[in-house]
Amino acid sequence: MSVRTSGRTLRAFGGMALGAMLAGALPAHSQSRPRLASLDHTYDLLLKEFSGDHARETVAFVEQFWRQPGSIGFDTTIAHVAGILARAGYVREDSAPASAPLVYRIERRRMEQASWTPVDASLAIEHGPTLLRFATNRNMLAIGSFATPDTGVVAEVVDISRMKPDDAGRVDVAGKLVFADGPSVRLAQGAIQRGALGVLVYQMPAYTRPEVNQTSIQFGRFPADSARGTWAIFLSYGAREALKEALAAGSVRVRVRTVVDRHPADELTLVAEARGRAHPGERIVVSAHVQEPGANDNASGVGTQAEMARVLAALIARKQLRLERTVTFIWGDEIRAVARYLAEDSARTAGVKWGLSLDMVGENTQLTGGTFLIEKMPDPSAVWTRGDDHHTEWGGSPMTVAQLTPHWYNDFVRNRCEDVAGRVPGGWTVRTNPYEGGSDHTPFLDAKIPALLLWHFTDQFYHTDNDRLPMVSADEMRNSGVCALAVVATLASGNGATARFVVEETRRDALARLAAERTLSEAAIVAGGDVAHEREIITTWAAWYRDAIGVATEISADVASYAARAGAEVMRTGQQYAADLGAH
């Protein structure tokens with residue numbers, strides 16, 4: 001959870017606050033955050049115009065489909081969102097005049113492999129109960145699986161769940177099915193190579209609460225043999241228990257039927273732009289991936305971004321918002337579409353100043369258990385994760401100080417979401433997590449472009465076929481969308497006043513963070529921690545924030561001197577805090 005600045009004050013140094021030592025060059029640190037008048041007006045406009053119900057209606061349409069690039073569901077989703085854009089006033093780019101403020105295009109690229117879509121599947125014990133049906137367990141068929149004959153196949157099941165690798169390798173599996181439970185999944189891959197027709201796999205992580213959600217199945221891939229047309233069935237907890245019970249009673253034969261659609265196809269990417277007036281080559285890029293079959297993941301991102309694009313068009317049409325920089329929206333294949341956008345045109349990419357990814361932004365938190373999160377760019381919490389900072393069950397790889405990315409964007413986005421939380425009925429829980437990766441924000445960071453992820457976790461229905469429309473909240477989509485659009489609108493119209501606001505806001509957040517880290521370090525030292533190590537943590541945070549403040553000049557170079565003084569104050573404060581550690 002992020003550290004809030006409200007109510008935090010600096011410890012006096014030498015009888016006066018460090019801020020006052022800068023001869024009045026910077027405002028003294030106080031109880032309240034700085035204000036930007038245009039932001040208050042923007043919140044009012046967005047909260048009045050943005051409809052969570054509209055966004056959820058898009059989710060209701062999109063979540064009907066299993067969405068893989070090139071599939072009918074994926075392409076239908078792209079067409080549906082393009083219709084929303086057209087009705088909002090966006091014009092097809094290939095027929096739009098050069099002066100058109102709102103344009104969109106659908107990019108087509110021939111796929112090297114055929115598209116894949118599950119159509120139907122079933123698993124039943126011969127002369128016994130049906131364990132799974134595609135109609136109610138649409139994640140049961142592993143991505144890439146092949147179709148069985150129309151009548152299905154009947155085969156004996158070989159349980160390798162408790163076998164060691166050497167033992168499993170000696171079992172005759174040719175023409176049979178393999179049941180793999182948890183750690184034995186790797187053994188099942190070898191069974192396919194030794195002639196098994198297919199595999200029955202159980203691998204539900206604990207956070208999905210499989211004992212409670214006994215019909216849940218997470219979608220995934222399993223290596224298939226194209227020469228023999230093999231397949232894999234993922235089992236729910238309930239199906240796994242029924243199969244284990246049958247196996248305990250003796251030999252088991254099951255009937256499996258799979259139906260898939262494979263055909264040559266194009267991969268589609270939808271790109272919409274609201275063009276900036278003064279600096280059209282500079283842009284903020286927002287992305288929402290289409291593939292994955294869930295309602296929250298990621299129909300909620302698709303629907304929220306579509307509503308963002310509609311609202312932006314409405315405000316521009318009414319002359320309530322003027323963009324100096326371009327806003328670009330991308331709907332496509334996760335990571336791949338953004339990475340390609342950044343790789344294909346170096347001149348265009350040079351103007352991309354910020355990125356923002358919407359992934360699982362609509363969760364009904366009371367039902368899913370997930371919490372709204374802002375995944376930060378790499379800051380020192382990704383190296384030393386402590387206090388209110390926590391990794392999610394997704395997990396993060398250890399990072400080094402050399403990998404950190406100093407930037408004010410972390411705090412700026414968090415503060416916009418906290419502002420929204422203070423304006424919506426019932427409030428809104430806003431938290432952050434250290435950098436973990438794995439969504440559309442990673443290609444931006446790989447390209448050295450500041451970018452954040454808005455998402456929810458931990459969700460007990462994550463990647464399962466119980467991620468359906470009832471798990472999606474219109475209010476949560478509104479909150480996420482308004483926060484994102486406030487960020488977009490403010491930066492796309494940013495000027496010297498905006499840059500000065502960013503410097504002052506980040507300075508205050510930096511001082512609050514340093515105070516919090518000092519408290520944590522003092523407690524660590526009392527508990528026997530190494531003083532030098534704790535000093536390194538605090539000085540690293542100070543240097544990170546000093547540099548984060550410095551890059552506010554990308555909004556306006558006019559704040560260079562102001563940012564340098566603010567950064568110096570932060571660095572001096574951190575150094576003093578570090579020097580004081582262990583002194584008593």
# chains A, B, ... in the order shown; residues from 1 in each chain; ligands from 1
call {"tool": "residues_around", "arguments": {"residues": "Thr539 in chain A", "least_positions_apart": "3", "cutoff": "8 Å", "atoms": "only C-alpha atoms", "output": "PDB file with all heavy atoms, in the first residue's frame"}}
result
ATOM      1  N   ARG A 535      21.179   2.550   6.105  1.00  0.00           N
ATOM      2  CA  ARG A 535      21.546   3.839   5.503  1.00  0.00           C
ATOM      3  C   ARG A 535      21.488   3.765   3.974  1.00  0.00           C
ATOM      4  O   ARG A 535      21.068   4.712   3.315  1.00  0.00           O
ATOM      5  CB  ARG A 535      22.949   4.243   5.967  1.00  0.00           C
ATOM      6  CG  ARG A 535      22.988   4.719   7.415  1.00  0.00           C
ATOM      7  CD  ARG A 535      24.402   4.978   7.890  1.00  0.00           C
ATOM      8  NE  ARG A 535      24.400   5.549   9.239  1.00  0.00           N
ATOM      9  CZ  ARG A 535      25.496   5.658  10.003  1.00  0.00           C
ATOM     10  NH1 ARG A 535      26.671   5.256   9.532  1.00  0.00           N
ATOM     11  NH2 ARG A 535      25.393   6.186  11.227  1.00  0.00           N
ATOM     12  N   GLU A 536      21.912   2.638   3.425  1.00  0.00           N
ATOM     13  CA  GLU A 536      21.852   2.471   1.978  1.00  0.00           C
ATOM     14  C   GLU A 536      20.410   2.553   1.477  1.00  0.00           C
ATOM     15  O   GLU A 536      20.139   3.165   0.427  1.00  0.00           O
ATOM     16  CB  GLU A 536      22.461   1.116   1.568  1.00  0.00           C
ATOM     17  CG  GLU A 536      22.418   0.889   0.060  1.00  0.00           C
ATOM     18  CD  GLU A 536      22.807  -0.519  -0.341  1.00  0.00           C
ATOM     19  OE1 GLU A 536      22.939  -1.380   0.544  1.00  0.00           O
ATOM     20  OE2 GLU A 536      22.952  -0.763  -1.553  1.00  0.00           O
ATOM     21  N   ALA A 542      16.312   8.452  -1.386  1.00  0.00           N
ATOM     22  CA  ALA A 542      16.509   9.890  -1.596  1.00  0.00           C
ATOM     23  C   ALA A 542      17.021  10.169  -3.007  1.00  0.00           C
ATOM     24  O   ALA A 542      16.535  11.081  -3.698  1.00  0.00           O
ATOM     25  CB  ALA A 542      17.478  10.432  -0.552  1.00  0.00           C
ATOM     26  N   ALA A 543      17.982   9.388  -3.456  1.00  0.00           N
ATOM     27  CA  ALA A 543      18.526   9.592  -4.795  1.00  0.00           C
ATOM     28  C   ALA A 543      17.477   9.276  -5.866  1.00  0.00           C
ATOM     29  O   ALA A 543      17.398   9.961  -6.890  1.00  0.00           O
ATOM     30  CB  ALA A 543      19.764   8.719  -4.990  1.00  0.00           C
ATOM     31  N   MET A 571      17.393  15.085  -1.334  1.00  0.00           N
ATOM     32  CA  MET A 571      18.648  14.358  -1.138  1.00  0.00           C
ATOM     33  C   MET A 571      19.268  14.729   0.206  1.00  0.00           C
ATOM     34  O   MET A 571      19.775  13.866   0.929  1.00  0.00           O
ATOM     35  CB  MET A 571      19.607  14.682  -2.288  1.00  0.00           C
ATOM     36  CG  MET A 571      20.793  13.736  -2.368  1.00  0.00           C
ATOM     37  SD  MET A 571      20.261  12.057  -2.815  1.00  0.00           S
ATOM     38  CE  MET A 571      21.438  11.081  -1.885  1.00  0.00           C
ATOM     39  N   GLY A 574      17.380  12.983   3.000  1.00  0.00           N
ATOM     40  CA  GLY A 574      17.719  11.569   3.079  1.00  0.00           C
ATOM     41  C   GLY A 574      19.089  11.343   3.677  1.00  0.00           C
ATOM     42  O   GLY A 574      19.287  10.433   4.493  1.00  0.00           O
ATOM     43  N   GLN A 575      20.053  12.154   3.290  1.00  0.00           N
ATOM     44  CA  GLN A 575      21.394  12.004   3.832  1.00  0.00           C
ATOM     45  C   GLN A 575      21.423  12.278   5.328  1.00  0.00           C
ATOM     46  O   GLN A 575      22.122  11.591   6.086  1.00  0.00           O
ATOM     47  CB  GLN A 575      22.355  12.945   3.098  1.00  0.00           C
ATOM     48  CG  GLN A 575      22.618  12.534   1.656  1.00  0.00           C
ATOM     49  CD  GLN A 575      23.377  13.588   0.862  1.00  0.00           C
ATOM     50  OE1 GLN A 575      23.345  14.787   1.196  1.00  0.00           O
ATOM     51  NE2 GLN A 575      24.054  13.159  -0.205  1.00  0.00           N
ATOM     52  N   ALA A 578      19.856   9.311   7.086  1.00  0.00           N
ATOM     53  CA  ALA A 578      20.787   8.182   7.087  1.00  0.00           C
ATOM     54  C   ALA A 578      21.897   8.390   8.117  1.00  0.00           C
ATOM     55  O   ALA A 578      22.285   7.464   8.838  1.00  0.00           O
ATOM     56  CB  ALA A 578      21.375   7.991   5.694  1.00  0.00           C
TER      57      ALA A 578
END
call {"tool": "select_by_dssp", "arguments": {"residues": "range 77-249 of chain A", "states": "alpha helix (DSSP H)", "output": "JSON, numbers by chain"}}
result
{"A": [77, 78, 79, 80, 81, 82, 83, 84, 85, 86, 87, 88, 165, 166, 167, 168, 169, 185, 186, 187, 188, 189, 190, 191, 192, 193, 237, 238, 239, 240, 241, 242, 243, 244, 245, 246, 247, 248, 249]}
call {"tool": "atom_distance", "arguments": {"atom1": "CA of Ala339 in chain A", "atom2": "CA of Asp440 in chain A"}}
result
8.2 Å
call {"tool": "closest_atom_pairs", "arguments": {"of": "range 30-63 of chain A", "to": "range 494-518 of chain A", "cutoff": "12 Å", "atoms": "only C-alpha atoms", "output": "JSON lines"}}
result
{"residue": "A:Ser30", "atom": "CA", "partner": "A:Arg508", "partner_atom": "CA", "distance": 8.5}
{"residue": "A:Gln31", "atom": "CA", "partner": "A:Arg508", "partner_atom": "CA", "distance": 9.7}
{"residue": "A:Ser32", "atom": "CA", "partner": "A:Arg508", "partner_atom": "CA", "distance": 9.4}
{"residue": "A:Arg33", "atom": "CA", "partner": "A:Glu505", "partner_atom": "CA", "distance": 6.5}
{"residue": "A:Pro34", "atom": "CA", "partner": "A:Glu505", "partner_atom": "CA", "distance": 6.1}
{"residue": "A:Arg35", "atom": "CA", "partner": "A:Phe501", "partner_atom": "CA", "distance": 7.2}
{"residue": "A:Leu36", "atom": "CA", "partner": "A:Phe501", "partner_atom": "CA", "distance": 6.6}
{"residue": "A:Ala37", "atom": "CA", "partner": "A:Ala497", "partner_atom": "CA", "distance": 9.8}
{"residue": "A:Ser38", "atom": "CA", "partner": "A:Thr498", "partner_atom": "CA", "distance": 9.0}
{"residue": "A:Leu39", "atom": "CA", "partner": "A:Thr498", "partner_atom": "CA", "distance": 9.4}
call {"tool": "closest_residue", "arguments": {"among": "A:Met204, A:Ala246, A:Val59, A:Ala174", "to": "Ile125 in chain A", "atoms": "only C-alpha atoms"}}
result
A:Ala246
call {"tool": "residues_around", "arguments": {"residues": "Val487 in chain A", "least_positions_apart": "5", "cutoff": "10 Å", "atoms": "only C-alpha atoms", "output": "compact mmCIF listing (two decimals) with all heavy atoms, in the first residue's frame"}}
result
# COMPACT_ATOMS: atom_id res chain seq x y z
N LEU A 39 -7.03 20.42 -12.58
CA LEU A 39 -7.32 19.04 -12.18
C LEU A 39 -8.68 18.93 -11.51
O LEU A 39 -9.46 18.01 -11.78
CB LEU A 39 -6.24 18.53 -11.23
CG LEU A 39 -5.29 17.45 -11.75
CD1 LEU A 39 -4.29 17.07 -10.68
CD2 LEU A 39 -6.04 16.24 -12.23
N THR A 42 -11.18 18.99 -14.10
CA THR A 42 -11.17 17.74 -14.87
C THR A 42 -11.92 16.63 -14.15
O THR A 42 -12.70 15.89 -14.75
CB THR A 42 -9.71 17.30 -15.14
OG1 THR A 42 -9.06 18.30 -15.94
CG2 THR A 42 -9.67 15.97 -15.87
N ILE A 284 0.72 10.17 -25.07
CA ILE A 284 0.57 9.20 -24.00
C ILE A 284 -0.24 8.04 -24.59
O ILE A 284 -1.25 8.26 -25.27
CB ILE A 284 -0.12 9.79 -22.75
CG1 ILE A 284 -0.28 8.72 -21.67
CG2 ILE A 284 -1.44 10.45 -23.07
CD1 ILE A 284 -0.68 9.29 -20.31
N LEU A 356 0.29 3.59 -20.19
CA LEU A 356 -0.62 3.18 -19.13
C LEU A 356 -1.36 1.94 -19.61
O LEU A 356 -1.91 1.93 -20.72
CB LEU A 356 -1.61 4.30 -18.81
CG LEU A 356 -2.42 4.17 -17.50
CD1 LEU A 356 -1.50 4.16 -16.29
CD2 LEU A 356 -3.41 5.33 -17.39
N TYR A 409 6.13 9.60 -12.15
CA TYR A 409 4.88 9.02 -12.65
C TYR A 409 4.22 8.10 -11.61
O TYR A 409 3.00 8.06 -11.50
CB TYR A 409 5.21 8.25 -13.92
CG TYR A 409 4.04 7.95 -14.84
CD1 TYR A 409 3.02 8.85 -15.05
CD2 TYR A 409 4.00 6.74 -15.55
CE1 TYR A 409 1.97 8.57 -15.93
CE2 TYR A 409 2.98 6.45 -16.43
CZ TYR A 409 1.96 7.37 -16.61
OH TYR A 409 0.94 7.08 -17.48
N PHE A 412 2.39 10.36 -9.23
CA PHE A 412 1.38 11.14 -9.92
C PHE A 412 0.12 10.31 -10.16
O PHE A 412 -1.00 10.76 -9.90
CB PHE A 412 1.94 11.64 -11.26
CG PHE A 412 0.99 12.51 -12.03
CD1 PHE A 412 0.86 13.85 -11.73
CD2 PHE A 412 0.22 11.99 -13.06
CE1 PHE A 412 -0.01 14.67 -12.44
CE2 PHE A 412 -0.65 12.78 -13.77
CZ PHE A 412 -0.77 14.12 -13.46
N VAL A 413 0.28 9.09 -10.66
CA VAL A 413 -0.89 8.24 -10.93
C VAL A 413 -1.57 7.84 -9.62
O VAL A 413 -2.80 7.87 -9.52
CB VAL A 413 -0.47 7.01 -11.74
CG1 VAL A 413 -1.65 6.05 -11.92
CG2 VAL A 413 0.07 7.43 -13.11
N ARG A 414 -0.78 7.46 -8.63
CA ARG A 414 -1.39 7.10 -7.35
C ARG A 414 -2.20 8.26 -6.77
O ARG A 414 -3.33 8.07 -6.29
CB ARG A 414 -0.30 6.68 -6.35
CG ARG A 414 -0.85 6.16 -5.02
CD ARG A 414 0.19 6.30 -3.92
NE ARG A 414 0.42 7.69 -3.59
CZ ARG A 414 1.59 8.20 -3.21
NH1 ARG A 414 2.66 7.43 -3.18
NH2 ARG A 414 1.69 9.48 -2.92
N ASN A 415 -1.66 9.44 -6.84
CA ASN A 415 -2.37 10.59 -6.28
C ASN A 415 -3.66 10.89 -7.03
O ASN A 415 -4.66 11.30 -6.44
CB ASN A 415 -1.46 11.82 -6.29
CG ASN A 415 -0.36 11.72 -5.24
OD1 ASN A 415 -0.52 11.08 -4.22
ND2 ASN A 415 0.76 12.36 -5.51
N ARG A 416 -3.67 10.67 -8.35
CA ARG A 416 -4.90 10.90 -9.10
C ARG A 416 -5.97 9.89 -8.66
O ARG A 416 -7.14 10.23 -8.53
CB ARG A 416 -4.64 10.77 -10.61
CG ARG A 416 -3.57 11.68 -11.19
CD ARG A 416 -3.85 13.17 -11.10
NE ARG A 416 -3.84 13.75 -9.79
CZ ARG A 416 -2.73 14.07 -9.10
NH1 ARG A 416 -1.55 13.81 -9.59
NH2 ARG A 416 -2.85 14.64 -7.91
N CYS A 417 -5.56 8.64 -8.46
CA CYS A 417 -6.54 7.64 -8.02
C CYS A 417 -7.03 7.94 -6.60
O CYS A 417 -8.21 7.76 -6.29
CB CYS A 417 -5.93 6.24 -8.09
SG CYS A 417 -5.70 5.64 -9.78
N GLY A 481 -11.41 4.04 -14.61
CA GLY A 481 -11.40 4.81 -15.85
C GLY A 481 -11.23 6.30 -15.61
O GLY A 481 -10.51 6.97 -16.36
N VAL A 482 -11.87 6.83 -14.59
CA VAL A 482 -11.74 8.26 -14.28
C VAL A 482 -10.32 8.57 -13.83
O VAL A 482 -9.73 9.58 -14.23
CB VAL A 482 -12.77 8.69 -13.23
CG1 VAL A 482 -12.48 10.09 -12.72
CG2 VAL A 482 -14.18 8.63 -13.82
N ALA A 492 -1.67 15.16 -21.24
CA ALA A 492 -1.81 15.53 -22.65
C ALA A 492 -2.00 17.03 -22.82
O ALA A 492 -1.73 17.57 -23.90
CB ALA A 492 -2.97 14.78 -23.28
call {"tool": "atom_distance", "arguments": {"atom1": "CA of Gly550 in chain A", "atom2": "CA of Arg565 in chain A"}}
result
9.4 Å
call {"tool": "residues_around", "arguments": {"residues": "Asp333 in chain A", "least_positions_apart": "3", "cutoff": "8 Å", "atoms": "only C-alpha atoms", "output": "PDB file with all heavy atoms, in the first residue's frame"}}
result
ATOM      1  N   PRO A  69      -6.052 -14.236 -30.705  1.00  0.00           N
ATOM      2  CA  PRO A  69      -5.806 -13.510 -31.951  1.00  0.00           C
ATOM      3  C   PRO A  69      -6.208 -14.339 -33.171  1.00  0.00           C
ATOM      4  O   PRO A  69      -5.868 -15.514 -33.277  1.00  0.00           O
ATOM      5  CB  PRO A  69      -4.296 -13.262 -31.915  1.00  0.00           C
ATOM      6  CG  PRO A  69      -3.971 -13.209 -30.465  1.00  0.00           C
ATOM      7  CD  PRO A  69      -4.866 -14.227 -29.821  1.00  0.00           C
ATOM      8  N   THR A 269      -5.327  -5.339 -34.715  1.00  0.00           N
ATOM      9  CA  THR A 269      -5.030  -4.379 -33.653  1.00  0.00           C
ATOM     10  C   THR A 269      -5.817  -3.109 -33.956  1.00  0.00           C
ATOM     11  O   THR A 269      -5.786  -2.605 -35.087  1.00  0.00           O
ATOM     12  CB  THR A 269      -3.533  -4.041 -33.581  1.00  0.00           C
ATOM     13  OG1 THR A 269      -2.782  -5.248 -33.402  1.00  0.00           O
ATOM     14  CG2 THR A 269      -3.246  -3.088 -32.428  1.00  0.00           C
ATOM     15  N   HIS A 289      -5.501  -5.174 -23.481  1.00  0.00           N
ATOM     16  CA  HIS A 289      -5.404  -6.352 -24.348  1.00  0.00           C
ATOM     17  C   HIS A 289      -6.759  -7.051 -24.463  1.00  0.00           C
ATOM     18  O   HIS A 289      -7.562  -7.060 -23.531  1.00  0.00           O
ATOM     19  CB  HIS A 289      -4.323  -7.316 -23.861  1.00  0.00           C
ATOM     20  CG  HIS A 289      -4.579  -7.957 -22.533  1.00  0.00           C
ATOM     21  ND1 HIS A 289      -5.326  -9.104 -22.390  1.00  0.00           N
ATOM     22  CD2 HIS A 289      -4.158  -7.624 -21.293  1.00  0.00           C
ATOM     23  CE1 HIS A 289      -5.351  -9.453 -21.126  1.00  0.00           C
ATOM     24  NE2 HIS A 289      -4.663  -8.573 -20.436  1.00  0.00           N
ATOM     25  N   VAL A 290      -6.993  -7.624 -25.640  1.00  0.00           N
ATOM     26  CA  VAL A 290      -8.278  -8.231 -25.967  1.00  0.00           C
ATOM     27  C   VAL A 290      -8.294  -9.717 -25.667  1.00  0.00           C
ATOM     28  O   VAL A 290      -9.301 -10.264 -25.215  1.00  0.00           O
ATOM     29  CB  VAL A 290      -8.619  -7.986 -27.460  1.00  0.00           C
ATOM     30  CG1 VAL A 290      -9.876  -8.733 -27.870  1.00  0.00           C
ATOM     31  CG2 VAL A 290      -8.776  -6.489 -27.731  1.00  0.00           C
ATOM     32  N   GLN A 291      -7.174 -10.409 -25.930  1.00  0.00           N
ATOM     33  CA  GLN A 291      -7.172 -11.856 -25.778  1.00  0.00           C
ATOM     34  C   GLN A 291      -7.276 -12.227 -24.306  1.00  0.00           C
ATOM     35  O   GLN A 291      -7.030 -11.410 -23.429  1.00  0.00           O
ATOM     36  CB  GLN A 291      -5.947 -12.466 -26.456  1.00  0.00           C
ATOM     37  CG  GLN A 291      -4.794 -12.867 -25.596  1.00  0.00           C
ATOM     38  CD  GLN A 291      -4.101 -11.726 -24.904  1.00  0.00           C
ATOM     39  OE1 GLN A 291      -4.282 -10.563 -25.204  1.00  0.00           O
ATOM     40  NE2 GLN A 291      -3.289 -12.063 -23.924  1.00  0.00           N
ATOM     41  N   ARG A 336       2.286  -8.048 -27.053  1.00  0.00           N
ATOM     42  CA  ARG A 336       2.692  -8.088 -28.455  1.00  0.00           C
ATOM     43  C   ARG A 336       2.271  -6.822 -29.216  1.00  0.00           C
ATOM     44  O   ARG A 336       3.065  -6.248 -29.978  1.00  0.00           O
ATOM     45  CB  ARG A 336       2.091  -9.323 -29.102  1.00  0.00           C
ATOM     46  CG  ARG A 336       2.456  -9.556 -30.555  1.00  0.00           C
ATOM     47  CD  ARG A 336       1.716 -10.780 -31.068  1.00  0.00           C
ATOM     48  NE  ARG A 336       1.958 -11.056 -32.465  1.00  0.00           N
ATOM     49  CZ  ARG A 336       2.901 -11.868 -32.915  1.00  0.00           C
ATOM     50  NH1 ARG A 336       3.705 -12.465 -32.055  1.00  0.00           N
ATOM     51  NH2 ARG A 336       3.049 -12.083 -34.199  1.00  0.00           N
ATOM     52  N   ALA A 337       1.018  -6.372 -29.022  1.00  0.00           N
ATOM     53  CA  ALA A 337       0.540  -5.217 -29.781  1.00  0.00           C
ATOM     54  C   ALA A 337       1.298  -3.954 -29.396  1.00  0.00           C
ATOM     55  O   ALA A 337       1.676  -3.146 -30.258  1.00  0.00           O
ATOM     56  CB  ALA A 337      -0.964  -5.029 -29.562  1.00  0.00           C
TER      57      ALA A 337
END
call {"tool": "select_by_dssp", "arguments": {"residues": "range 340-519 of chain A", "states": "strand (DSSP E)", "output": "PyMOL selection string"}}
result
chain A and resi 352-358+371-375+431-433+451-457
call {"tool": "write_last_selection", "arguments": {"atoms": "N, CA and C atoms", "output": "PDB file, in the first residue's frame"}}
result
ATOM      1  N   VAL A 352       6.647   9.037 -27.744  1.00  0.00           N
ATOM      2  CA  VAL A 352       5.828   8.425 -26.694  1.00  0.00           C
ATOM      3  C   VAL A 352       6.442   8.768 -25.347  1.00  0.00           C
ATOM      4  N   LYS A 353       5.733   9.570 -24.569  1.00  0.00           N
ATOM      5  CA  LYS A 353       6.273  10.062 -23.308  1.00  0.00           C
ATOM      6  C   LYS A 353       5.860   9.214 -22.110  1.00  0.00           C
ATOM      7  N   TRP A 354       4.639   8.636 -22.172  1.00  0.00           N
ATOM      8  CA  TRP A 354       4.144   7.845 -21.039  1.00  0.00           C
ATOM      9  C   TRP A 354       3.243   6.722 -21.563  1.00  0.00           C
ATOM     10  N   GLY A 355       3.190   5.641 -20.819  1.00  0.00           N
ATOM     11  CA  GLY A 355       2.293   4.543 -21.137  1.00  0.00           C
ATOM     12  C   GLY A 355       1.439   4.186 -19.932  1.00  0.00           C
ATOM     13  N   LEU A 356       0.285   3.590 -20.195  1.00  0.00           N
ATOM     14  CA  LEU A 356      -0.622   3.180 -19.126  1.00  0.00           C
ATOM     15  C   LEU A 356      -1.361   1.936 -19.610  1.00  0.00           C
ATOM     16  N   SER A 357      -1.382   0.896 -18.783  1.00  0.00           N
ATOM     17  CA  SER A 357      -2.016  -0.371 -19.152  1.00  0.00           C
ATOM     18  C   SER A 357      -3.216  -0.637 -18.258  1.00  0.00           C
ATOM     19  N   LEU A 358      -4.335  -1.030 -18.879  1.00  0.00           N
ATOM     20  CA  LEU A 358      -5.558  -1.373 -18.150  1.00  0.00           C
ATOM     21  C   LEU A 358      -5.763  -2.881 -18.257  1.00  0.00           C
ATOM     22  N   THR A 371      -8.026  -6.555  -4.981  1.00  0.00           N
ATOM     23  CA  THR A 371      -7.936  -5.153  -4.585  1.00  0.00           C
ATOM     24  C   THR A 371      -7.390  -4.351  -5.753  1.00  0.00           C
ATOM     25  N   PHE A 372      -7.909  -3.150  -5.959  1.00  0.00           N
ATOM     26  CA  PHE A 372      -7.356  -2.288  -6.995  1.00  0.00           C
ATOM     27  C   PHE A 372      -5.911  -1.971  -6.661  1.00  0.00           C
ATOM     28  N   LEU A 373      -5.062  -2.105  -7.668  1.00  0.00           N
ATOM     29  CA  LEU A 373      -3.630  -1.891  -7.487  1.00  0.00           C
ATOM     30  C   LEU A 373      -3.060  -1.053  -8.625  1.00  0.00           C
ATOM     31  N   ILE A 374      -2.059  -0.273  -8.290  1.00  0.00           N
ATOM     32  CA  ILE A 374      -1.219   0.386  -9.283  1.00  0.00           C
ATOM     33  C   ILE A 374       0.148  -0.270  -9.184  1.00  0.00           C
ATOM     34  N   GLU A 375       0.541  -0.960 -10.250  1.00  0.00           N
ATOM     35  CA  GLU A 375       1.871  -1.548 -10.234  1.00  0.00           C
ATOM     36  C   GLU A 375       2.878  -0.490 -10.641  1.00  0.00           C
ATOM     37  N   ARG A 431      -4.389   0.923  -3.721  1.00  0.00           N
ATOM     38  CA  ARG A 431      -3.120   0.415  -3.215  1.00  0.00           C
ATOM     39  C   ARG A 431      -2.124   0.301  -4.364  1.00  0.00           C
ATOM     40  N   THR A 432      -0.878   0.116  -4.001  1.00  0.00           N
ATOM     41  CA  THR A 432       0.175  -0.073  -4.996  1.00  0.00           C
ATOM     42  C   THR A 432       0.916  -1.366  -4.704  1.00  0.00           C
ATOM     43  N   ASN A 433       1.622  -1.860  -5.701  1.00  0.00           N
ATOM     44  CA  ASN A 433       2.532  -2.985  -5.479  1.00  0.00           C
ATOM     45  C   ASN A 433       3.837  -2.730  -6.212  1.00  0.00           C
ATOM     46  N   ALA A 451       5.865   3.845 -17.589  1.00  0.00           N
ATOM     47  CA  ALA A 451       4.557   3.220 -17.775  1.00  0.00           C
ATOM     48  C   ALA A 451       4.153   2.505 -16.496  1.00  0.00           C
ATOM     49  N   LEU A 452       2.841   2.472 -16.261  1.00  0.00           N
ATOM     50  CA  LEU A 452       2.289   1.806 -15.086  1.00  0.00           C
ATOM     51  C   LEU A 452       1.154   0.883 -15.496  1.00  0.00           C
ATOM     52  N   LEU A 453       0.829  -0.029 -14.596  1.00  0.00           N
ATOM     53  CA  LEU A 453      -0.267  -0.966 -14.780  1.00  0.00           C
ATOM     54  C   LEU A 453      -1.345  -0.689 -13.744  1.00  0.00           C
ATOM     55  N   LEU A 454      -2.599  -0.556 -14.211  1.00  0.00           N
ATOM     56  CA  LEU A 454      -3.751  -0.513 -13.313  1.00  0.00           C
ATOM     57  C   LEU A 454      -4.401  -1.889 -13.369  1.00  0.00           C
ATOM     58  N   TRP A 455      -4.614  -2.523 -12.198  1.00  0.00           N
ATOM     59  CA  TRP A 455      -5.142  -3.880 -12.189  1.00  0.00           C
ATOM     60  C   TRP A 455      -5.746  -4.216 -10.838  1.00  0.00           C
ATOM     61  N   HIS A 456      -6.184  -5.452 -10.672  1.00  0.00           N
ATOM     62  CA  HIS A 456      -6.659  -5.977  -9.395  1.00  0.00           C
ATOM     63  C   HIS A 456      -6.000  -7.330  -9.138  1.00  0.00           C
ATOM     64  N   PHE A 457      -5.690  -7.594  -7.887  1.00  0.00           N
ATOM     65  CA  PHE A 457      -5.223  -8.912  -7.477  1.00  0.00           C
ATOM     66  C   PHE A 457      -5.307  -8.949  -5.950  1.00  0.00           C
TER      67      PHE A 457
END
call {"tool": "atom_distance", "arguments": {"atom1": "CA of Ala242 in chain A", "atom2": "CA of Leu200 in chain A"}}
result
12.7 Å
